[in-house]
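Colleague: Contents of start-v3.cif (mmCIF, C-alpha atoms) are given next:
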data_start
#
loop_
_atom_site.label_atom_id
_atom_site.label_comp_id
_atom_site.auth_asym_id
_atom_site.auth_seq_id
_atom_site.Cartn_x
_atom_site.Cartn_y
_atom_site.Cartn_z
CA MET A 6 -3.66 -13.18 31.88
CA ALA A 7 -1.78 -10.46 29.98
CA PRO A 8 -0.21 -12.85 27.40
CA ARG A 9 -3.62 -14.43 26.77
CA ARG A 10 -5.26 -11.04 26.28
CA ALA A 11 -2.43 -9.96 23.99
CA GLU A 12 -2.87 -13.11 21.90
CA GLU A 13 -6.64 -12.60 21.75
CA PHE A 14 -6.07 -9.04 20.55
CA ARG A 15 -3.52 -10.17 17.95
CA ARG A 16 -6.07 -12.56 16.48
CA THR A 17 -8.49 -9.68 15.88
CA LEU A 18 -6.00 -8.02 13.51
CA LEU A 19 -5.91 -8.56 9.75
CA THR A 20 -4.11 -11.86 9.31
CA PRO A 21 -2.94 -13.73 6.19
CA VAL A 22 -4.63 -17.14 5.99
CA VAL A 23 -4.75 -20.16 3.70
CA ASN A 24 -8.16 -20.22 2.05
CA ALA A 25 -9.08 -23.91 1.72
CA THR A 26 -12.83 -23.31 1.61
CA GLY A 27 -13.12 -23.85 -2.14
CA VAL A 28 -14.70 -20.39 -2.49
CA LEU A 29 -12.21 -18.67 -4.77
CA LEU A 30 -13.48 -15.14 -4.17
CA HIS A 31 -14.38 -15.38 -0.50
CA THR A 32 -15.80 -12.02 0.61
CA ASN A 33 -14.92 -12.64 4.27
CA LEU A 34 -11.35 -13.40 3.22
CA GLY A 35 -10.87 -10.33 1.02
CA ARG A 36 -12.19 -11.70 -2.30
CA ALA A 37 -9.44 -11.86 -4.95
CA PRO A 38 -6.01 -12.40 -3.39
CA VAL A 39 -3.68 -9.71 -4.70
CA ALA A 40 0.11 -9.52 -4.55
CA HIS A 41 1.34 -5.96 -4.93
CA THR A 42 4.50 -4.30 -3.64
CA GLN A 43 6.16 -0.99 -4.37
CA ARG A 44 9.00 1.01 -2.93
CA ALA A 45 8.26 3.93 -0.63
CA ARG A 46 8.75 6.39 -3.44
CA ALA A 47 6.55 9.14 -4.89
CA GLN A 48 4.58 8.26 -8.02
CA THR A 49 2.73 10.21 -10.69
CA VAL A 50 -0.76 9.88 -9.24
CA GLU A 51 -1.69 13.42 -10.37
CA PHE A 52 1.41 14.60 -12.22
CA ASP A 53 1.97 14.87 -15.97
CA LEU A 54 5.54 13.92 -16.86
CA ALA A 55 5.27 15.50 -20.30
CA THR A 56 4.29 18.99 -19.12
CA GLY A 57 5.45 19.00 -15.51
CA ALA A 58 1.98 20.23 -14.53
CA ARG A 59 -0.77 18.67 -12.46
CA GLY A 60 -2.34 15.71 -14.22
CA SER A 61 -5.44 13.54 -13.86
CA ARG A 62 -5.70 10.82 -11.23
CA GLN A 63 -7.87 8.87 -13.68
CA ARG A 64 -5.72 9.02 -16.81
CA ALA A 65 -3.12 6.28 -16.31
CA VAL A 66 -5.32 3.41 -15.21
CA GLY A 67 -8.46 4.69 -16.93
CA GLN A 68 -6.85 4.56 -20.36
CA LEU A 69 -5.73 0.96 -19.78
CA PHE A 70 -9.23 -0.22 -18.87
CA ALA A 71 -10.73 1.69 -21.78
CA GLN A 72 -8.34 -0.17 -24.08
CA LEU A 73 -9.08 -3.51 -22.41
CA CYS A 74 -12.85 -3.09 -22.76
CA GLY A 75 -12.98 -1.42 -26.16
CA ALA A 76 -14.41 1.76 -24.64
CA GLU A 77 -13.84 5.46 -25.28
CA SER A 78 -12.96 6.20 -21.66
CA ALA A 79 -12.85 4.80 -18.14
CA MET A 80 -12.45 5.91 -14.54
CA ILE A 81 -11.84 4.23 -11.18
CA VAL A 82 -13.61 4.61 -7.83
CA ASN A 83 -13.32 2.67 -4.58
CA ASN A 84 -15.87 -0.11 -5.26
CA ASN A 85 -18.69 -1.03 -7.61
CA ALA A 86 -21.41 0.28 -5.28
CA SER A 87 -19.65 3.64 -5.51
CA ALA A 88 -19.50 3.34 -9.28
CA VAL A 89 -23.28 2.83 -9.50
CA LEU A 90 -23.97 5.63 -7.00
CA LEU A 91 -21.71 8.06 -8.86
CA VAL A 92 -23.23 7.27 -12.27
CA LEU A 93 -26.75 7.76 -10.97
CA ALA A 94 -25.89 10.99 -9.13
CA ALA A 95 -23.95 12.47 -12.05
CA LEU A 96 -26.32 11.50 -14.85
CA ALA A 97 -29.79 11.19 -13.30
CA GLU A 98 -30.15 13.37 -10.20
CA GLY A 99 -33.71 14.69 -10.07
CA ARG A 100 -34.75 12.48 -12.98
CA ASP A 101 -36.09 8.95 -13.50
CA VAL A 102 -34.17 5.71 -14.01
CA ALA A 103 -35.92 2.57 -15.28
CA VAL A 104 -34.96 -0.76 -13.67
CA ALA A 105 -36.55 -4.16 -14.24
CA ARG A 106 -38.37 -5.34 -11.10
CA GLY A 107 -36.36 -8.57 -11.10
CA GLU A 108 -33.12 -6.54 -11.05
CA SER A 109 -34.06 -4.24 -8.16
CA VAL A 110 -31.88 -6.39 -5.94
CA GLU A 111 -30.21 -6.49 -2.55
CA ILE A 112 -26.70 -7.92 -2.38
CA GLY A 113 -24.22 -8.42 0.45
CA GLY A 114 -23.92 -5.70 3.07
CA ALA A 115 -27.54 -4.56 2.53
CA PHE A 116 -26.69 -2.84 -0.77
CA ARG A 117 -30.16 -2.27 -2.20
CA VAL A 118 -30.73 -0.77 -5.63
CA PRO A 119 -33.78 1.28 -4.53
CA GLU A 120 -31.89 2.78 -1.60
CA VAL A 121 -28.80 3.58 -3.68
CA MET A 122 -31.12 5.21 -6.20
CA GLU A 123 -32.66 7.32 -3.43
CA GLN A 124 -29.25 8.39 -2.13
CA SER A 125 -28.20 9.45 -5.63
CA GLY A 126 -31.17 11.77 -6.02
CA ALA A 127 -32.56 9.78 -8.96
CA ARG A 128 -36.09 8.35 -9.00
CA LEU A 129 -36.66 4.64 -9.48
CA VAL A 130 -39.16 3.56 -12.14
CA ASP A 131 -40.00 -0.15 -11.89
CA VAL A 132 -40.65 -1.89 -15.20
CA GLY A 133 -41.91 -5.40 -15.95
CA THR A 134 -42.50 -8.04 -13.30
CA THR A 135 -40.26 -9.96 -10.93
CA ASN A 136 -39.69 -12.79 -13.41
CA ARG A 137 -40.39 -11.26 -16.84
CA THR A 138 -39.40 -7.91 -18.34
CA ARG A 139 -39.81 -7.24 -22.07
CA LEU A 140 -38.66 -4.45 -24.36
CA SER A 141 -42.25 -3.20 -24.45
CA ASP A 142 -42.11 -2.61 -20.67
CA TYR A 143 -39.23 -0.16 -21.15
CA GLN A 144 -41.01 1.45 -24.10
CA ARG A 145 -44.11 2.11 -21.99
CA ALA A 146 -41.97 3.65 -19.25
CA ILE A 147 -40.37 6.03 -21.76
CA VAL A 148 -43.67 7.40 -23.05
CA ARG A 149 -45.51 7.35 -19.71
CA PRO A 150 -46.87 10.85 -18.94
CA GLY A 151 -44.91 12.65 -16.26
CA THR A 152 -41.86 10.39 -16.61
CA ASP A 153 -38.47 11.98 -17.36
CA LEU A 154 -36.16 9.05 -18.02
CA ALA A 155 -32.47 9.83 -17.83
CA LEU A 156 -31.19 6.24 -17.94
CA LEU A 157 -32.11 2.60 -18.37
CA LEU A 158 -30.22 0.62 -15.71
CA LYS A 159 -29.53 -3.10 -16.10
CA VAL A 160 -28.30 -4.77 -12.90
CA HIS A 161 -26.40 -8.06 -12.52
CA PRO A 162 -28.38 -10.33 -10.13
CA SER A 163 -25.09 -11.06 -8.30
CA ASN A 164 -25.85 -13.67 -5.64
CA TYR A 165 -29.03 -15.31 -6.89
CA ARG A 166 -30.57 -16.76 -10.03
CA VAL A 167 -34.21 -16.80 -11.17
CA GLU A 168 -35.13 -19.87 -13.21
CA GLY A 169 -38.28 -21.23 -14.83
CA PHE A 170 -40.86 -18.92 -16.43
CA VAL A 171 -38.47 -15.99 -16.91
CA GLU A 172 -37.57 -13.41 -19.51
CA ASP A 173 -35.34 -10.38 -19.51
CA THR A 174 -34.44 -7.75 -22.06
CA PRO A 175 -30.85 -7.88 -23.33
CA VAL A 176 -28.72 -4.76 -23.56
CA SER A 177 -28.72 -5.00 -27.35
CA GLU A 178 -32.49 -4.40 -27.36
CA MET A 179 -32.48 -1.77 -24.63
CA ALA A 180 -29.91 0.19 -26.64
CA THR A 181 -32.43 0.72 -29.47
CA LEU A 182 -34.73 2.89 -27.34
CA GLY A 183 -32.84 6.19 -27.51
CA VAL A 184 -32.21 6.46 -23.75
CA PRO A 185 -28.66 5.91 -22.41
CA VAL A 186 -28.16 2.37 -21.08
CA VAL A 187 -26.02 1.73 -17.99
CA ALA A 188 -25.16 -1.92 -17.31
CA ASP A 189 -23.93 -2.89 -13.87
CA ILE A 190 -22.30 -6.24 -14.68
CA GLY A 191 -20.98 -6.51 -11.14
CA SER A 192 -18.55 -9.39 -11.29
CA GLY A 193 -15.95 -7.79 -13.53
CA LEU A 194 -15.48 -10.32 -16.33
CA ILE A 195 -13.57 -8.40 -18.99
CA ASP A 196 -14.18 -10.60 -22.04
CA ALA A 197 -16.56 -13.57 -22.34
CA ASN A 198 -14.03 -15.27 -24.64
CA VAL A 199 -11.45 -15.27 -21.79
CA PRO A 200 -8.53 -15.22 -24.28
CA TRP A 201 -6.00 -15.17 -21.43
CA ILE A 202 -6.57 -18.81 -20.34
CA HIS A 203 -5.78 -22.12 -22.01
CA GLY A 204 -8.52 -23.68 -24.11
CA ALA A 205 -12.19 -22.74 -24.39
CA PRO A 206 -14.02 -20.50 -21.90
CA PRO A 207 -14.93 -22.47 -18.74
CA ALA A 208 -18.46 -23.88 -18.80
CA TRP A 209 -19.27 -22.24 -15.45
CA LEU A 210 -18.87 -18.79 -17.05
CA ALA A 211 -21.66 -19.39 -19.57
CA GLY A 212 -24.11 -16.49 -19.43
CA GLU A 213 -21.90 -14.30 -17.24
CA PRO A 214 -22.01 -10.74 -18.65
CA ALA A 215 -18.67 -9.30 -19.75
CA ALA A 216 -17.55 -5.73 -20.32
CA VAL A 217 -16.33 -6.12 -23.92
CA GLN A 218 -19.52 -7.77 -25.13
CA THR A 219 -21.86 -5.52 -23.11
CA LEU A 220 -20.31 -2.40 -24.62
CA ALA A 221 -20.40 -3.96 -28.08
CA ASP A 222 -24.11 -4.63 -27.54
CA GLY A 223 -24.70 -0.92 -27.13
CA ALA A 224 -24.37 -0.08 -23.43
CA ASP A 225 -23.33 3.53 -22.96
CA LEU A 226 -21.66 2.83 -19.61
CA VAL A 227 -20.65 -0.39 -17.87
CA THR A 228 -19.72 -0.65 -14.19
CA PHE A 229 -18.01 -3.58 -12.45
CA SER A 230 -15.90 -4.63 -9.47
CA GLY A 231 -12.12 -4.86 -9.42
CA ASP A 232 -11.85 -7.63 -6.81
CA LYS A 233 -14.07 -10.33 -8.34
CA LEU A 234 -13.55 -11.99 -11.71
CA LEU A 235 -11.09 -9.27 -12.71
CA GLY A 236 -8.82 -10.60 -9.94
CA GLY A 237 -7.55 -7.25 -8.65
CA PRO A 238 -7.93 -5.04 -5.56
CA GLN A 239 -11.24 -3.66 -4.34
CA ALA A 240 -12.30 -0.95 -6.79
CA GLY A 241 -15.15 0.06 -9.04
CA ILE A 242 -14.54 0.59 -12.75
CA ILE A 243 -16.73 2.75 -14.99
CA VAL A 244 -16.15 2.33 -18.73
CA GLY A 245 -17.96 3.65 -21.80
CA ARG A 246 -18.80 6.90 -23.57
CA ALA A 247 -16.23 9.60 -22.98
CA ASP A 248 -18.79 12.37 -22.39
CA LEU A 249 -20.65 10.35 -19.74
CA VAL A 250 -17.43 9.28 -17.98
CA GLU A 251 -16.37 12.93 -17.94
CA GLN A 252 -19.67 13.94 -16.34
CA CYS A 253 -19.04 11.37 -13.63
CA ALA A 254 -15.46 12.56 -13.12
CA ARG A 255 -16.62 16.19 -12.68
CA HIS A 256 -19.28 15.35 -10.09
CA PRO A 257 -18.40 16.33 -6.47
CA LEU A 258 -18.89 12.72 -5.31
CA ALA A 259 -16.01 11.60 -7.55
CA ARG A 260 -13.48 13.07 -5.12
CA ALA A 261 -15.11 11.39 -2.12
CA LEU A 262 -15.16 8.02 -3.89
CA ARG A 263 -11.74 8.09 -5.52
CA CYS A 264 -8.95 5.54 -4.94
CA GLY A 265 -5.49 6.20 -3.57
CA GLY A 266 -2.20 5.55 -5.29
CA LEU A 267 -1.74 2.03 -3.86
CA VAL A 268 -5.01 0.77 -5.37
CA LEU A 269 -4.37 2.55 -8.67
CA ALA A 270 -0.89 1.02 -8.92
CA ALA A 271 -2.24 -2.46 -8.18
CA LEU A 272 -5.01 -2.02 -10.77
CA GLN A 273 -2.45 -0.84 -13.29
CA ASP A 274 -0.50 -4.06 -12.77
CA VAL A 275 -3.70 -6.08 -13.28
CA ALA A 276 -4.64 -4.23 -16.46
CA LEU A 277 -1.15 -4.66 -17.90
CA SER A 278 -1.31 -8.40 -17.16
CA TYR A 279 -4.46 -8.66 -19.27
CA LEU A 280 -2.93 -6.64 -22.09
CA ARG A 281 0.25 -8.75 -22.00
CA ARG A 282 -1.74 -12.02 -21.74
CA THR A 283 0.16 -13.02 -18.59
CA VAL A 284 -3.00 -13.31 -16.49
CA THR A 285 -2.67 -16.96 -15.45
CA THR A 286 0.87 -16.25 -14.28
CA ASP A 287 0.28 -12.92 -12.56
CA ILE A 288 -3.28 -13.02 -11.17
CA ALA A 289 -4.02 -15.47 -8.37
CA PHE A 290 -7.72 -15.94 -9.14
CA TRP A 291 -7.10 -17.02 -12.72
CA ARG A 292 -4.24 -19.29 -11.63
CA MET A 293 -6.79 -21.08 -9.42
CA VAL A 294 -9.27 -21.33 -12.30
CA ASP A 295 -6.65 -22.57 -14.75
CA GLN A 296 -5.58 -25.60 -12.66
CA SER A 297 -6.82 -28.94 -13.97
CA SER A 298 -8.54 -31.40 -11.64
CA GLU A 299 -5.73 -33.86 -12.39
CA LEU A 300 -3.14 -31.40 -11.12
CA LEU A 301 -5.22 -30.73 -8.00
CA ARG A 302 -5.50 -34.47 -7.35
CA ARG A 303 -1.73 -34.96 -7.57
CA ARG A 304 -1.21 -32.09 -5.13
CA ALA A 305 -3.76 -33.54 -2.72
CA GLU A 306 -2.17 -37.00 -2.85
CA ARG A 307 1.27 -35.55 -2.07
CA ILE A 308 -0.10 -33.57 0.88
CA VAL A 309 -1.93 -36.57 2.34
CA ALA A 310 1.11 -38.80 1.92
CA ALA A 311 3.40 -36.26 3.59
CA ALA A 312 1.00 -35.55 6.48
CA GLY A 313 -0.01 -39.17 7.04
CA THR A 314 -3.68 -38.27 7.49
CA GLY A 315 -6.74 -37.42 5.41
CA SER A 316 -8.14 -38.78 2.17
CA VAL A 317 -8.50 -37.35 -1.34
CA VAL A 318 -12.07 -36.72 -2.53
CA ASP A 319 -13.82 -35.02 -5.44
CA SER A 320 -15.20 -31.60 -4.61
CA GLU A 321 -17.07 -28.63 -6.06
CA ALA A 322 -15.51 -25.18 -5.74
CA LEU A 323 -17.42 -21.91 -6.11
CA PRO A 324 -16.41 -18.68 -7.87
CA GLY A 325 -17.76 -16.71 -4.90
CA ALA A 326 -18.51 -13.02 -4.20
CA GLY A 327 -21.79 -13.22 -6.10
CA SER A 328 -20.02 -14.08 -9.36
CA ALA A 329 -21.69 -16.66 -11.62
CA PRO A 330 -24.41 -17.46 -9.05
CA GLY A 331 -25.68 -21.03 -8.93
CA VAL A 332 -22.67 -22.63 -10.62
CA SER A 333 -19.68 -24.62 -9.36
CA ILE A 334 -16.24 -25.66 -10.59
CA PRO A 335 -14.99 -29.27 -10.43
CA SER A 336 -12.29 -29.56 -7.78
CA VAL A 337 -10.43 -31.89 -5.41
CA ALA A 338 -10.32 -31.73 -1.62
CA ILE A 339 -8.65 -33.40 1.35
CA ALA A 340 -11.21 -34.87 3.77
CA ILE A 341 -10.49 -35.27 7.50
CA ASP A 342 -12.83 -37.10 9.86
CA GLY A 343 -14.56 -34.84 12.36
CA ASP A 344 -14.81 -31.08 12.72
CA VAL A 345 -11.25 -29.77 13.07
CA LEU A 346 -11.91 -26.23 11.83
CA HIS A 347 -11.02 -24.65 15.19
CA THR A 348 -7.68 -26.43 15.35
CA LEU A 349 -6.85 -25.47 11.78
CA ARG A 350 -7.73 -21.84 12.46
CA ALA A 351 -5.32 -21.90 15.42
CA HIS A 352 -2.46 -22.98 13.15
CA ASP A 353 0.19 -20.43 12.18
CA PRO A 354 -0.71 -19.31 9.56
CA PRO A 355 -4.39 -20.16 9.99
CA VAL A 356 -6.02 -22.61 7.57
CA ILE A 357 -9.68 -21.96 6.78
CA GLY A 358 -11.69 -24.98 5.60
CA ARG A 359 -15.32 -26.09 5.66
CA THR A 360 -17.30 -28.97 7.16
CA ARG A 361 -19.98 -31.15 5.63
CA ASP A 362 -21.70 -34.16 7.21
CA GLY A 363 -19.26 -34.20 10.13
CA THR A 364 -16.18 -34.16 7.88
CA THR A 365 -13.71 -31.32 7.36
CA HIS A 366 -12.78 -30.53 3.75
CA LEU A 367 -9.78 -28.58 2.49
CA ASP A 368 -10.45 -27.72 -1.15
CA LEU A 369 -7.23 -27.26 -3.10
CA ARG A 370 -8.61 -25.11 -5.93
CA SER A 371 -8.60 -22.09 -3.64
CA VAL A 372 -5.13 -22.87 -2.21
CA ASP A 373 -2.00 -21.58 -3.90
CA ALA A 374 0.41 -24.42 -4.62
CA ASP A 375 3.11 -22.53 -2.71
CA ASP A 376 1.03 -23.08 0.44
CA ASP A 377 0.89 -26.88 0.17
CA ASP A 378 3.63 -27.20 2.80
CA ILE A 379 1.48 -25.18 5.20
CA LEU A 380 -1.33 -27.71 4.73
CA VAL A 381 1.10 -30.55 5.40
CA ALA A 382 2.22 -28.91 8.65
CA ALA A 383 -1.37 -28.14 9.74
CA LEU A 384 -2.56 -31.67 9.02
CA THR A 385 0.45 -33.23 10.71
CA ALA A 386 -0.30 -31.19 13.83
CA LEU A 387 -3.82 -32.63 13.94
CA THR A 388 -2.50 -35.98 15.10
CA ALA A 389 -1.47 -34.31 18.36
CA ALA A 390 -4.70 -32.34 18.77
CA PRO A 391 -8.07 -33.68 19.99
CA VAL A 392 -10.89 -33.73 17.45
CA ALA A 393 -13.81 -31.46 18.36
#
Hey, can you dump this file as structure tokens for me?

Modeller:
Amino acid sequence: MAPRRAEEFRRTLLTPVVNATGVLLHTNLGRAPVAHTQRARAQTVEFDLATGARGSRQRAVGQLFAQLCGAESAMIVNNNASAVLLVLAALAEGRDVAVARGESVEIGGAFRVPEVMEQSGARLVDVGTTNRTRLSDYQRAIVRPGTDLALLLKVHPSNYRVEGFVEDTPVSEMATLGVPVVADIGSGLIDANVPWIHGAPPAWLAGEPAAVQTLADGADLVTFSGDKLLGGPQAGIIVGRADLVEQCARHPLARALRCGGLVLAALQDVALSYLRRTVTTDIAFWRMVDQSSELLRRRAERIVAAAGTGSVVDSEALPGAGSAPGVSIPSVAIAIDGDVLHTLRAHDPPVIGRTRDGTTHLDLRSVDADDDDILVAALTALTAAPVA
């Protein structure tokens, strides 16, 4: 009894797993896998080496992201929801913020734009309709009697896509209206040209908003996640005008929402990888993206041959975490007859796959090549385990 209860308890703890679901940024599995280690030594989180005095927690990493995005300034908080909340509280408390009706969204974890707006102390002003919002809709909101607009907020739709009879107003047009524009691009793509990978930008990224281009289009502030397309730890990044970033940094919420030294150090490593153009070597998410289908097929064939079970099939992987909604990435998977997910989860380390039409699939695009031997061992063990 006691050993069984101890094992059941152990399995409730955070556990490293092999993500073979084909969802590269799997929210339930921690989104972007991050490797970060440091010695148990003090670091200059709030210490200025030049003066020996207290320094800014935001300076080191903030300046790197400002450089990456072509912005005047940047700061870091603990996730993108916090970034949006802080911007609204610091810049629009007691005032109005215009949001297109089709962008007044709810994403995972019941994060709702209207409720975040309410918590910030700002007032939501709906503009346009669910499927169509024009520049004239924002213009009417600006001149509407009794309205005191502090910001125009553009929100990434995250985990859904509206198609058909639709229209939205791009940042470049919103920026002509004389009211500060804040763009929540959510997914954290730094540059739509993705200069850190081989060849042209992947087709599945078409239309995904990016920080560099959004700022160039005239956004005053841009907010995004650290653990999605950026490929880093959970964090929220605010980049843009120095005076607005400074207002956010001085707000009392900034202390409550700040990151610790471990996250800042990991983000610093990520930012330096982008600046050094070593992203596809250093950052796991972009290593997954950069693998060709031919390479994935060769890996799958070796695994199947070594394990003596399964077959190699074409597959479709997903970016995940609400990034690039509605698109997929060509991939390759190993198919096993029957539903063997429970047996694979019981392996050490656990292997997490997916089932479709009574067949289990292990998609290799979301599996690091260093874990191929784990798949071989897990598949080999299936021959001794009953199929569910």

Colleague: Between A:Asp189, A:Arg100, A:Gln144, A:Pro200, which residue has the minimum interatomic distance to A:Thr219, considering all atoms listed in the file?

Modeller: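 Nearest to A:Thr219: A:Asp189.
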
Colleague: Taking (-21.0, 5.4, -24.3) in the file's coordinates, which residues come within 10 Å, counting only C-alpha atoms, written as a VMD selection string?

Modeller: chain A and resid 76 to 78 185 to 187 220 223 to 227 244 to 250

Colleague: Would you list the contacts of A:Asn198 as a short mmCIF file (atom, residue, chain, number, x, y, z; two decimals) with C-alpha atoms, keeping the file's coordinate frame, taking every protein, DNA or RNA residue within 12 Å and counting all atoms listed in the file, but skipping same-chain residues closer than 3 positions in sequence?

Modeller:
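Result file result-v2.cif:
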data_model
loop_
_atom_site.label_atom_id
_atom_site.label_comp_id
_atom_site.auth_asym_id
_atom_site.auth_seq_id
_atom_site.Cartn_x
_atom_site.Cartn_y
_atom_site.Cartn_z
CA LEU A 194 -15.48 -10.32 -16.33
CA ILE A 195 -13.57 -8.40 -18.99
CA TRP A 201 -6.00 -15.17 -21.43
CA ILE A 202 -6.57 -18.81 -20.34
CA HIS A 203 -5.78 -22.12 -22.01
CA GLY A 204 -8.52 -23.68 -24.11
CA ALA A 205 -12.19 -22.74 -24.39
CA PRO A 206 -14.02 -20.50 -21.90
CA PRO A 207 -14.93 -22.47 -18.74
CA ALA A 208 -18.46 -23.88 -18.80
CA LEU A 210 -18.87 -18.79 -17.05
CA ALA A 211 -21.66 -19.39 -19.57
CA GLY A 212 -24.11 -16.49 -19.43
CA GLU A 213 -21.90 -14.30 -17.24
CA PRO A 214 -22.01 -10.74 -18.65
CA ALA A 215 -18.67 -9.30 -19.75
CA ALA A 216 -17.55 -5.73 -20.32
CA VAL A 217 -16.33 -6.12 -23.92
CA GLN A 218 -19.52 -7.77 -25.13
#

Colleague: Of the residues A:Gln72, A:Ser125, A:Gln239, A:Ser230, which is the one nearest to A:Val102, using all atoms listed in the file?

Modeller: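 The closest residue to A:Val102 is A:Ser125.
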
Colleague: Hey, what comes out of the PyMOL selection byres ((chain A and resi 331) around 8) on this file? Could you write it as a ChimeraX atom specification?

Modeller: /A:165-166,329-330,332-333

Colleague: Nearest to A:Leu258: which of A:Val184, A:Leu93, A:Gly57, A:Glu12 is it, counting all atoms listed in the file?

Modeller: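 Smallest distance to A:Leu258 is found for A:Leu93.
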
Colleague: When distances are computed from only C-alpha atoms, which of A:Ala326, A:Glu123, A:Ala261, A:Ala155 shows the smallest separation from A:Gly191?

Modeller: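 Smallest distance to A:Gly191 is found for A:Ala326.
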
Colleague: Name the residues captured by the PyMOL selection byres ((chain A and resi 348-354) around 9) when it is applied to the shown file; answer as a ChimeraX atom specification.

Modeller: /A:20-23,344-347,355-358,379,382-384,386-387,390-393

Colleague: Just how far from atom CA of A:Pro38 is atom CA of A:Asp378, in Å to one decimal?

Modeller: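 Separating atom CA of A:Asp378 from atom CA of A:Pro38 is a distance of 18.7 Å.
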
Colleague: Give me the result of the PyMOL selection byres ((chain A and resi 298) around 8) on this file, residue by residue, as an MDAnalysis selection string.

Modeller: chainID A and resid 296:297 299:302 335:337

Colleague: Using only C-alpha atoms, which of the listed residues (A:Gln68, A:Ser328, A:Thr314, A:Thr152) sits closest to A:Leu234?

Modeller: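 Result for the nearest residue to A:Leu234: A:Ser328.
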
Colleague: Please, what distance in Å, to one decimal, runs between atom CA of A:Ala105 and atom CA of A:Thr138?

Modeller: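 Rounded to one decimal, the two atoms are 6.2 Å apart.
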